[in-house]
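Structure file model03.pdb (PDB, C-alpha atoms and all ligand atoms) is printed below.
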```
ATOM      1  CA  MET L1461     104.191 103.965  77.427  1.00  0.00           C
ATOM      2  CA  PRO L1462     104.372 106.293  80.418  1.00  0.00           C
ATOM      3  CA  PRO L1463     107.691 106.357  82.258  1.00  0.00           C
ATOM      4  CA  GLY L1464     107.593 104.483  85.527  1.00  0.00           C
ATOM      5  CA  ALA L1465     104.913 102.005  84.439  1.00  0.00           C
ATOM      6  CA  ALA L1466     105.545  98.875  86.516  1.00  0.00           C
ATOM      7  CA  GLY L1467     106.890  95.832  84.729  1.00  0.00           C
ATOM      8  CA  VAL L1468     107.810  97.620  81.498  1.00  0.00           C
ATOM      9  CA  THR L1469     111.113  96.381  80.177  1.00  0.00           C
ATOM     10  CA  ARG L1470     112.683  98.352  77.380  1.00  0.00           C
ATOM     11  CA  SER L1471     114.290  97.116  74.245  1.00  0.00           C
ATOM     12  CA  ILE L1472     117.906  98.243  74.419  1.00  0.00           C
ATOM     13  CA  GLN L1473     119.500  98.358  70.990  1.00  0.00           C
ATOM     14  CA  ARG L1474     122.233 100.941  71.435  1.00  0.00           C
ATOM     15  CA  VAL L1475     124.326 101.453  74.541  1.00  0.00           C
ATOM     16  CA  CYS L1476     126.386 104.583  75.069  1.00  0.00           C
ATOM     17  CA  VAL L1477     129.651 103.807  76.854  1.00  0.00           C
ATOM     18  CA  TYR L1478     131.843 106.509  78.357  1.00  0.00           C
ATOM     19  CA  ALA L1479     135.352 105.312  79.114  1.00  0.00           C
ATOM     20  CA  SER L1480     138.901 106.301  79.884  1.00  0.00           C
ATOM     21  CA  SER L1481     141.208 107.535  77.141  1.00  0.00           C
ATOM     22  CA  SER L1482     144.213 106.393  79.178  1.00  0.00           C
ATOM     23  CA  ASP L1483     146.481 103.522  78.121  1.00  0.00           C
ATOM     24  CA  ALA L1484     148.339 103.639  81.429  1.00  0.00           C
ATOM     25  CA  VAL L1485     145.726 102.049  83.700  1.00  0.00           C
ATOM     26  CA  ASP L1486     145.852  98.649  85.411  1.00  0.00           C
ATOM     27  CA  PRO L1487     144.969  95.697  83.109  1.00  0.00           C
ATOM     28  CA  VAL L1488     141.993  94.833  85.346  1.00  0.00           C
ATOM     29  CA  PHE L1489     140.176  97.814  83.792  1.00  0.00           C
ATOM     30  CA  ALA L1490     140.932  96.724  80.228  1.00  0.00           C
ATOM     31  CA  GLU L1491     139.580  93.294  81.143  1.00  0.00           C
ATOM     32  CA  ALA L1492     136.292  94.855  82.290  1.00  0.00           C
ATOM     33  CA  ALA L1493     136.090  96.966  79.112  1.00  0.00           C
ATOM     34  CA  ARG L1494     136.685  93.867  76.981  1.00  0.00           C
ATOM     35  CA  ALA L1495     134.013  91.875  78.822  1.00  0.00           C
ATOM     36  CA  LEU L1496     131.516  94.698  78.423  1.00  0.00           C
ATOM     37  CA  GLY L1497     132.286  94.881  74.677  1.00  0.00           C
ATOM     38  CA  HIS L1498     131.836  91.127  74.265  1.00  0.00           C
ATOM     39  CA  GLY L1499     128.566  91.309  76.190  1.00  0.00           C
ATOM     40  CA  LEU L1500     127.255  94.031  73.881  1.00  0.00           C
ATOM     41  CA  ALA L1501     128.155  92.057  70.765  1.00  0.00           C
ATOM     42  CA  GLU L1502     126.559  88.878  72.168  1.00  0.00           C
ATOM     43  CA  ARG L1503     123.306  90.731  72.747  1.00  0.00           C
ATOM     44  CA  ASN L1504     123.365  92.564  69.413  1.00  0.00           C
ATOM     45  CA  GLN L1505     123.481  95.863  71.228  1.00  0.00           C
ATOM     46  CA  ALA L1506     125.426  98.464  69.260  1.00  0.00           C
ATOM     47  CA  LEU L1507     128.140 100.471  70.972  1.00  0.00           C
ATOM     48  CA  VAL L1508     127.795 104.252  70.870  1.00  0.00           C
ATOM     49  CA  TYR L1509     130.940 105.872  72.204  1.00  0.00           C
ATOM     50  CA  GLY L1510     133.477 108.669  71.849  1.00  0.00           C
ATOM     51  CA  GLY L1511     135.054 107.187  68.703  1.00  0.00           C
ATOM     52  CA  GLY L1512     138.587 106.963  70.101  1.00  0.00           C
ATOM     53  CA  ASN L1513     141.146 104.247  69.454  1.00  0.00           C
ATOM     54  CA  ILE L1514     142.949 104.771  72.740  1.00  0.00           C
ATOM     55  CA  GLY L1515     142.582 103.635  76.336  1.00  0.00           C
ATOM     56  CA  LEU L1516     139.497 101.749  77.468  1.00  0.00           C
ATOM     57  CA  MET L1517     137.543 103.392  74.623  1.00  0.00           C
ATOM     58  CA  GLY L1518     139.683 101.517  72.116  1.00  0.00           C
ATOM     59  CA  VAL L1519     139.481  98.293  74.127  1.00  0.00           C
ATOM     60  CA  VAL L1520     135.690  98.285  74.256  1.00  0.00           C
ATOM     61  CA  ALA L1521     135.347  99.128  70.538  1.00  0.00           C
ATOM     62  CA  HIS L1522     137.768  96.367  69.483  1.00  0.00           C
ATOM     63  CA  ALA L1523     135.966  93.858  71.739  1.00  0.00           C
ATOM     64  CA  VAL L1524     132.594  94.699  70.177  1.00  0.00           C
ATOM     65  CA  HIS L1525     134.060  94.151  66.715  1.00  0.00           C
ATOM     66  CA  ALA L1526     135.811  90.945  67.794  1.00  0.00           C
ATOM     67  CA  GLY L1527     132.387  89.626  68.827  1.00  0.00           C
ATOM     68  CA  GLY L1528     130.806  90.667  65.509  1.00  0.00           C
ATOM     69  CA  GLY L1529     128.974  93.690  66.939  1.00  0.00           C
ATOM     70  CA  HIS L1530     128.293  97.183  65.633  1.00  0.00           C
ATOM     71  CA  VAL L1531     130.343 100.262  66.598  1.00  0.00           C
ATOM     72  CA  ILE L1532     129.136 103.857  66.313  1.00  0.00           C
ATOM     73  CA  GLY L1533     131.825 106.417  67.150  1.00  0.00           C
ATOM     74  CA  VAL L1534     131.103 110.105  67.675  1.00  0.00           C
ATOM     75  CA  ILE L1535     134.195 112.278  67.634  1.00  0.00           C
ATOM     76  CA  PRO L1536     134.871 115.989  67.260  1.00  0.00           C
ATOM     77  CA  GLU L1537     136.878 117.117  64.216  1.00  0.00           C
ATOM     78  CA  LYS L1538     139.767 118.270  66.362  1.00  0.00           C
ATOM     79  CA  LEU L1539     140.317 114.856  67.991  1.00  0.00           C
ATOM     80  CA  ARG L1540     139.831 113.056  64.656  1.00  0.00           C
ATOM     81  CA  ASP L1541     142.503 115.305  63.125  1.00  0.00           C
ATOM     82  CA  MET L1542     144.863 114.326  65.941  1.00  0.00           C
ATOM     83  CA  GLU L1543     144.519 110.761  64.575  1.00  0.00           C
ATOM     84  CA  LEU L1544     142.845 109.549  67.719  1.00  0.00           C
ATOM     85  CA  ALA L1545     139.778 108.139  65.954  1.00  0.00           C
ATOM     86  CA  TYR L1546     138.896 104.467  65.533  1.00  0.00           C
ATOM     87  CA  ASP L1547     138.658 104.503  61.744  1.00  0.00           C
ATOM     88  CA  ASP L1548     137.245 100.971  61.600  1.00  0.00           C
ATOM     89  CA  ALA L1549     134.030 102.062  63.349  1.00  0.00           C
ATOM     90  CA  ASP L1550     130.954 101.006  61.360  1.00  0.00           C
ATOM     91  CA  GLU L1551     129.729 104.580  61.640  1.00  0.00           C
ATOM     92  CA  LEU L1552     132.042 107.449  62.534  1.00  0.00           C
ATOM     93  CA  ILE L1553     130.119 110.638  63.170  1.00  0.00           C
ATOM     94  CA  ILE L1554     132.256 113.781  63.089  1.00  0.00           C
ATOM     95  CA  THR L1555     131.028 116.772  65.091  1.00  0.00           C
ATOM     96  CA  GLU L1556     132.291 120.327  65.246  1.00  0.00           C
ATOM     97  CA  SER L1557     132.404 120.634  69.012  1.00  0.00           C
ATOM     98  CA  MET L1558     132.548 118.542  72.198  1.00  0.00           C
ATOM     99  CA  GLY L1559     129.068 119.792  73.093  1.00  0.00           C
ATOM    100  CA  GLU L1560     127.605 118.544  69.812  1.00  0.00           C
ATOM    101  CA  ARG L1561     129.392 115.275  70.284  1.00  0.00           C
ATOM    102  CA  LYS L1562     127.845 114.690  73.709  1.00  0.00           C
ATOM    103  CA  ALA L1563     124.375 115.481  72.361  1.00  0.00           C
ATOM    104  CA  ALA L1564     124.886 113.147  69.377  1.00  0.00           C
ATOM    105  CA  MET L1565     125.903 110.304  71.689  1.00  0.00           C
ATOM    106  CA  GLU L1566     123.075 110.941  74.124  1.00  0.00           C
ATOM    107  CA  THR L1567     120.292 111.065  71.524  1.00  0.00           C
ATOM    108  CA  ARG L1568     121.433 107.809  69.892  1.00  0.00           C
ATOM    109  CA  ALA L1569     121.496 105.717  73.064  1.00  0.00           C
ATOM    110  CA  ASP L1570     118.893 103.586  74.855  1.00  0.00           C
ATOM    111  CA  ALA L1571     121.122 103.199  77.924  1.00  0.00           C
ATOM    112  CA  PHE L1572     124.344 104.612  79.393  1.00  0.00           C
ATOM    113  CA  VAL L1573     127.384 103.033  81.032  1.00  0.00           C
ATOM    114  CA  ALA L1574     130.410 104.673  82.605  1.00  0.00           C
ATOM    115  CA  LEU L1575     133.404 102.399  82.456  1.00  0.00           C
ATOM    116  CA  PRO L1576     136.271 103.477  84.719  1.00  0.00           C
ATOM    117  CA  GLY L1577     137.594 106.812  83.549  1.00  0.00           C
ATOM    118  CA  GLY L1578     138.787 110.276  84.408  1.00  0.00           C
ATOM    119  CA  LEU L1579     137.455 113.795  84.011  1.00  0.00           C
ATOM    120  CA  GLY L1580     135.974 113.263  80.527  1.00  0.00           C
ATOM    121  CA  THR L1581     134.126 110.122  81.589  1.00  0.00           C
ATOM    122  CA  LEU L1582     132.809 111.773  84.746  1.00  0.00           C
ATOM    123  CA  GLU L1583     131.666 114.860  82.900  1.00  0.00           C
ATOM    124  CA  GLU L1584     129.755 112.772  80.344  1.00  0.00           C
ATOM    125  CA  ILE L1585     128.028 110.405  82.788  1.00  0.00           C
ATOM    126  CA  LEU L1586     127.149 113.247  85.169  1.00  0.00           C
ATOM    127  CA  GLU L1587     125.511 115.134  82.319  1.00  0.00           C
ATOM    128  CA  VAL L1588     123.160 112.243  81.482  1.00  0.00           C
ATOM    129  CA  LEU L1589     122.506 111.806  85.206  1.00  0.00           C
ATOM    130  CA  VAL L1590     121.512 115.457  85.541  1.00  0.00           C
ATOM    131  CA  LEU L1591     119.287 115.203  82.448  1.00  0.00           C
ATOM    132  CA  LYS L1592     117.550 112.230  84.060  1.00  0.00           C
ATOM    133  CA  GLN L1593     117.213 114.088  87.348  1.00  0.00           C
ATOM    134  CA  LEU L1594     115.379 116.847  85.473  1.00  0.00           C
ATOM    135  CA  ASN L1595     113.125 114.338  83.647  1.00  0.00           C
ATOM    136  CA  TYR L1596     114.603 114.955  80.197  1.00  0.00           C
ATOM    137  CA  HIS L1597     114.868 111.173  79.862  1.00  0.00           C
ATOM    138  CA  ASP L1598     114.330 108.024  81.898  1.00  0.00           C
ATOM    139  CA  ARG L1599     116.876 105.636  80.386  1.00  0.00           C
ATOM    140  CA  PRO L1600     119.097 103.364  82.515  1.00  0.00           C
ATOM    141  CA  ILE L1601     122.468 104.658  83.744  1.00  0.00           C
ATOM    142  CA  VAL L1602     125.126 102.352  85.171  1.00  0.00           C
ATOM    143  CA  PHE L1603     128.544 102.970  86.683  1.00  0.00           C
ATOM    144  CA  LEU L1604     130.782  99.943  86.143  1.00  0.00           C
ATOM    145  CA  ASN L1605     132.697 100.189  89.391  1.00  0.00           C
ATOM    146  CA  THR L1606     135.574  97.810  88.607  1.00  0.00           C
ATOM    147  CA  ALA L1607     137.886  97.390  91.620  1.00  0.00           C
ATOM    148  CA  GLY L1608     135.840 100.040  93.444  1.00  0.00           C
ATOM    149  CA  VAL L1609     137.328 102.786  91.266  1.00  0.00           C
ATOM    150  CA  PHE L1610     134.339 105.102  91.754  1.00  0.00           C
ATOM    151  CA  ASP L1611     133.921 104.470  95.514  1.00  0.00           C
ATOM    152  CA  HIS L1612     135.170 107.928  96.444  1.00  0.00           C
ATOM    153  CA  LEU L1613     132.661 109.485  94.055  1.00  0.00           C
ATOM    154  CA  PHE L1614     129.778 107.623  95.723  1.00  0.00           C
ATOM    155  CA  ARG L1615     131.104 108.735  99.105  1.00  0.00           C
ATOM    156  CA  LEU L1616     130.974 112.312  97.831  1.00  0.00           C
ATOM    157  CA  PHE L1617     127.384 111.756  96.598  1.00  0.00           C
ATOM    158  CA  ASN L1618     126.443 110.453 100.087  1.00  0.00           C
ATOM    159  CA  HIS L1619     128.136 113.401 101.720  1.00  0.00           C
ATOM    160  CA  LEU L1620     126.243 115.833  99.473  1.00  0.00           C
ATOM    161  CA  CYS L1621     123.065 113.968 100.332  1.00  0.00           C
ATOM    162  CA  GLU L1622     123.741 114.309 104.081  1.00  0.00           C
ATOM    163  CA  ARG L1623     124.298 118.021 103.516  1.00  0.00           C
ATOM    164  CA  ARG L1624     121.028 118.142 101.531  1.00  0.00           C
ATOM    165  CA  PHE L1625     122.530 119.216  98.231  1.00  0.00           C
ATOM    166  CA  VAL L1626     121.413 115.915  96.734  1.00  0.00           C
ATOM    167  CA  LYS L1627     118.063 114.274  97.473  1.00  0.00           C
ATOM    168  CA  ALA L1628     118.033 110.667  98.724  1.00  0.00           C
ATOM    169  CA  SER L1629     115.572 109.839  95.921  1.00  0.00           C
ATOM    170  CA  GLN L1630     118.269 110.686  93.374  1.00  0.00           C
ATOM    171  CA  ARG L1631     120.075 107.491  94.334  1.00  0.00           C
ATOM    172  CA  ALA L1632     117.477 105.662  92.233  1.00  0.00           C
ATOM    173  CA  LEU L1633     118.645 107.425  89.064  1.00  0.00           C
ATOM    174  CA  TYR L1634     121.678 105.178  88.577  1.00  0.00           C
ATOM    175  CA  HIS L1635     122.963 101.707  89.311  1.00  0.00           C
ATOM    176  CA  VAL L1636     126.415 100.676  90.481  1.00  0.00           C
ATOM    177  CA  ALA L1637     127.602  97.392  88.952  1.00  0.00           C
ATOM    178  CA  ALA L1638     130.618  95.508  90.307  1.00  0.00           C
ATOM    179  CA  GLU L1639     131.193  93.576  87.087  1.00  0.00           C
ATOM    180  CA  PRO L1640     130.042  93.659  83.432  1.00  0.00           C
ATOM    181  CA  ASN L1641     127.355  90.924  83.672  1.00  0.00           C
ATOM    182  CA  GLU L1642     125.606  92.958  86.316  1.00  0.00           C
ATOM    183  CA  VAL L1643     125.264  95.810  83.810  1.00  0.00           C
ATOM    184  CA  PHE L1644     123.279  93.568  81.470  1.00  0.00           C
ATOM    185  CA  ARG L1645     121.167  92.091  84.284  1.00  0.00           C
ATOM    186  CA  TYR L1646     120.252  95.624  85.331  1.00  0.00           C
ATOM    187  CA  PHE L1647     119.271  96.537  81.766  1.00  0.00           C
ATOM    188  CA  GLU L1648     117.142  93.404  81.422  1.00  0.00           C
ATOM    189  CA  ASN L1649     115.162  94.145  84.585  1.00  0.00           C
ATOM    190  CA  TYR L1650     115.130  97.913  84.264  1.00  0.00           C
ATOM    191  CA  VAL L1651     112.004  99.731  85.342  1.00  0.00           C
ATOM    192  CA  PRO L1652     112.265 103.522  85.040  1.00  0.00           C
ATOM    193  CA  PRO L1653     111.792 105.404  88.300  1.00  0.00           C
ATOM    194  CA  VAL L1654     108.536 107.254  88.783  1.00  0.00           C
ATOM    195  CA  PRO L1655     109.431 110.821  87.759  1.00  0.00           C
ATOM    196  CA  GLU L1656     109.506 113.337  90.576  1.00  0.00           C
ATOM    197  CA  THR L1657     106.891 116.014  90.071  1.00  0.00           C
ATOM    198  CA  LYS L1658     108.542 118.372  92.532  1.00  0.00           C
ATOM    199  CA  LEU L1659     112.048 118.916  91.230  1.00  0.00           C
ATOM    200  CA  PHE L1660     113.176 121.702  93.538  1.00  0.00           C
TER     201      PHE L1660
HETATM  202  P1  LIG L1701     138.804 110.643  80.272  1.00  0.00           P
HETATM  203  O1  LIG L1701     137.899 109.902  81.194  1.00  0.00           O
HETATM  204  O2  LIG L1701     139.231 111.987  80.818  1.00  0.00           O
HETATM  205  O3  LIG L1701     139.952 109.820  79.772  1.00  0.00           O
HETATM  206  O4  LIG L1701     137.939 111.007  79.002  1.00  0.00           O
HETATM  207  C1  LIG L1701     137.323 109.999  78.279  1.00  0.00           C
HETATM  208  C2  LIG L1701     135.995 110.462  77.761  1.00  0.00           C
HETATM  209  O5  LIG L1701     136.149 111.766  77.173  1.00  0.00           O
HETATM  210  C3  LIG L1701     135.493 109.532  76.663  1.00  0.00           C
HETATM  211  O6  LIG L1701     134.220 108.976  77.007  1.00  0.00           O
HETATM  212  C4  LIG L1701     135.452 110.393  75.418  1.00  0.00           C
HETATM  213  O7  LIG L1701     134.137 110.636  75.000  1.00  0.00           O
HETATM  214  C5  LIG L1701     136.136 111.686  75.768  1.00  0.00           C
HETATM  215  N1  LIG L1701     137.558 111.738  75.303  1.00  0.00           N
HETATM  216  C6  LIG L1701     138.604 112.163  76.045  1.00  0.00           C
HETATM  217  N2  LIG L1701     139.764 112.079  75.353  1.00  0.00           N
HETATM  218  C7  LIG L1701     139.446 111.603  74.158  1.00  0.00           C
HETATM  219  C8  LIG L1701     140.215 111.297  72.976  1.00  0.00           C
HETATM  220  N3  LIG L1701     141.531 111.508  72.939  1.00  0.00           N
HETATM  221  N4  LIG L1701     139.568 110.781  71.893  1.00  0.00           N
HETATM  222  C9  LIG L1701     138.254 110.607  71.941  1.00  0.00           C
HETATM  223  N5  LIG L1701     137.481 110.905  72.997  1.00  0.00           N
HETATM  224  C10 LIG L1701     138.052 111.375  74.103  1.00  0.00           C
END
```
Rendering of file as structure tokens:
Amino acid sequence: MPPGAAGVTRSIQRVCVYASSSDAVDPVFAEAARALGHGLAERNQALVYGGGNIGLMGVVAHAVHAGGGHVIGVIPEKLRDMELAYDDADELIITESMGERKAAMETRADAFVALPGGLGTLEEILEVLVLKQLNYHDRPIVFLNTAGVFDHLFRLFNHLCERRFVKASQRALYHVAAEPNEVFRYFENYVPPVPETKLF
């Protein structure tokens, strides 16, 4: 099916979630991570994620399991050896490097979500956004903007757009969801954008 064909809804079986490794954040963020995990399990959508047992990563993985869902963790050797891995994952894929890990997560996923997070989360979601911008894929990308945590980032995107570093059309590459149910509604109604033929 060509990307951008109107009315085509995709079957989403595996969702890649990028999320904070911090345990120090406000409980409102853990609540959002838990709700997202429950939502995945309810829909039989497997979680693909960074394989950690800490921060919001751990919360989302535990919530998927609590709901009877499937967890696929992808973690580099070095972090696994630091005992940061979620050993109860149904599949725990060990990679040599961070780069391999990102590729392994990306190729396994039908959709991408950034839960609130820091530098690691931003780096990962921006990479899949850039890949979409360059037509390497046309899968859905959502920022779960709990408590407006990413508002400054979107302000920066707008600023870069005003300065013409970012094209206005690139706004269609991702969705901003205020709460977890909105992530699933977006997936259900997702129609890939018509790919830009003129990239530069
Ligand atoms: P951050 O947002 O900086 O907390 O980084 C979280 C993201 O980076 C996650 O999506 C993970 O893929 C990766 N990451 C960072 N720290 C860890 C860790 N200790 N264990 C596993 N993955 C991590």
| query | Of the candidates L:Ala1563, L:Ile1472, L:Ala1526, L:Leu1500, which shows the shortest atom-to-atom distance to ligand LIG 1701 (chain L), using all atoms listed in the file? | reply | L:Ala1563
| task | Return as a PyMOL selection string every polymer residue, whether protein, DNA or RNA, with at least one atom no more than 9 Å from an atom of ligand LIG 1701 (chain L); count only C-alpha atoms and all ligand atoms. | result | chain L and resi 1477-1482+1509-1517+1534-1536+1539-1540+1542-1546+1558+1561-1562+1565+1574-1585
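The shortest atom-to-atom distance to L:Arg1631, with all atoms listed in the file taken into account, belongs to L:Phe1614 out of L:Tyr1596, L:Phe1644, L:Phe1572, L:Phe1614.
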| message | Using Å and a single decimal, report how far atom CA of L:Gly1533 sits from atom CA of L:Asp1483. | response |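 Atom CA of L:Gly1533 lies at a distance of 18.5 Å from atom CA of L:Asp1483.
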| atom CA of L:Ile1601 to atom CA of L:Val1588, distance in Å rounded to a single decimal |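 Here the two named atoms are 7.9 Å from each other.
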| Pick from L:Glu1566, L:Asn1595, L:Val1602, L:Ala1628, whichever lies nearest to L:Arg1645 using only C-alpha atoms | L:Val1602
| task | Given the file shown, determine the residues that the PyMOL selection byres (((chain L and resi 1592) around 12) and not hetatm) selects; report them as a PyMOL selection string. | result | chain L and resi 1463+1566+1571-1572+1585-1591+1593-1601+1630-1634+1652-1656+1659
| Taking only C-alpha atoms into account, which of L:Cys1476, L:Ile1532, L:Ala1492, L:Val1485 comes nearest L:Glu1642? |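 Checking each candidate against L:Glu1642, we get L:Ala1492 as the closest.
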| task | Could you tell me which residues the PyMOL selection byres (((chain L and resi 1608) around 12) and not hetatm) grabs in this file, written as a ChimeraX atom specification? | result | /L:1488-1489,1575-1576,1603-1607,1609-1615,1636-1639
| said: Just to confirm, what's the straight-line distance from atom CA of L:Tyr1650 to atom CA of L:Gly1529 in Å (one decimal)? | reply: 22.6 Å
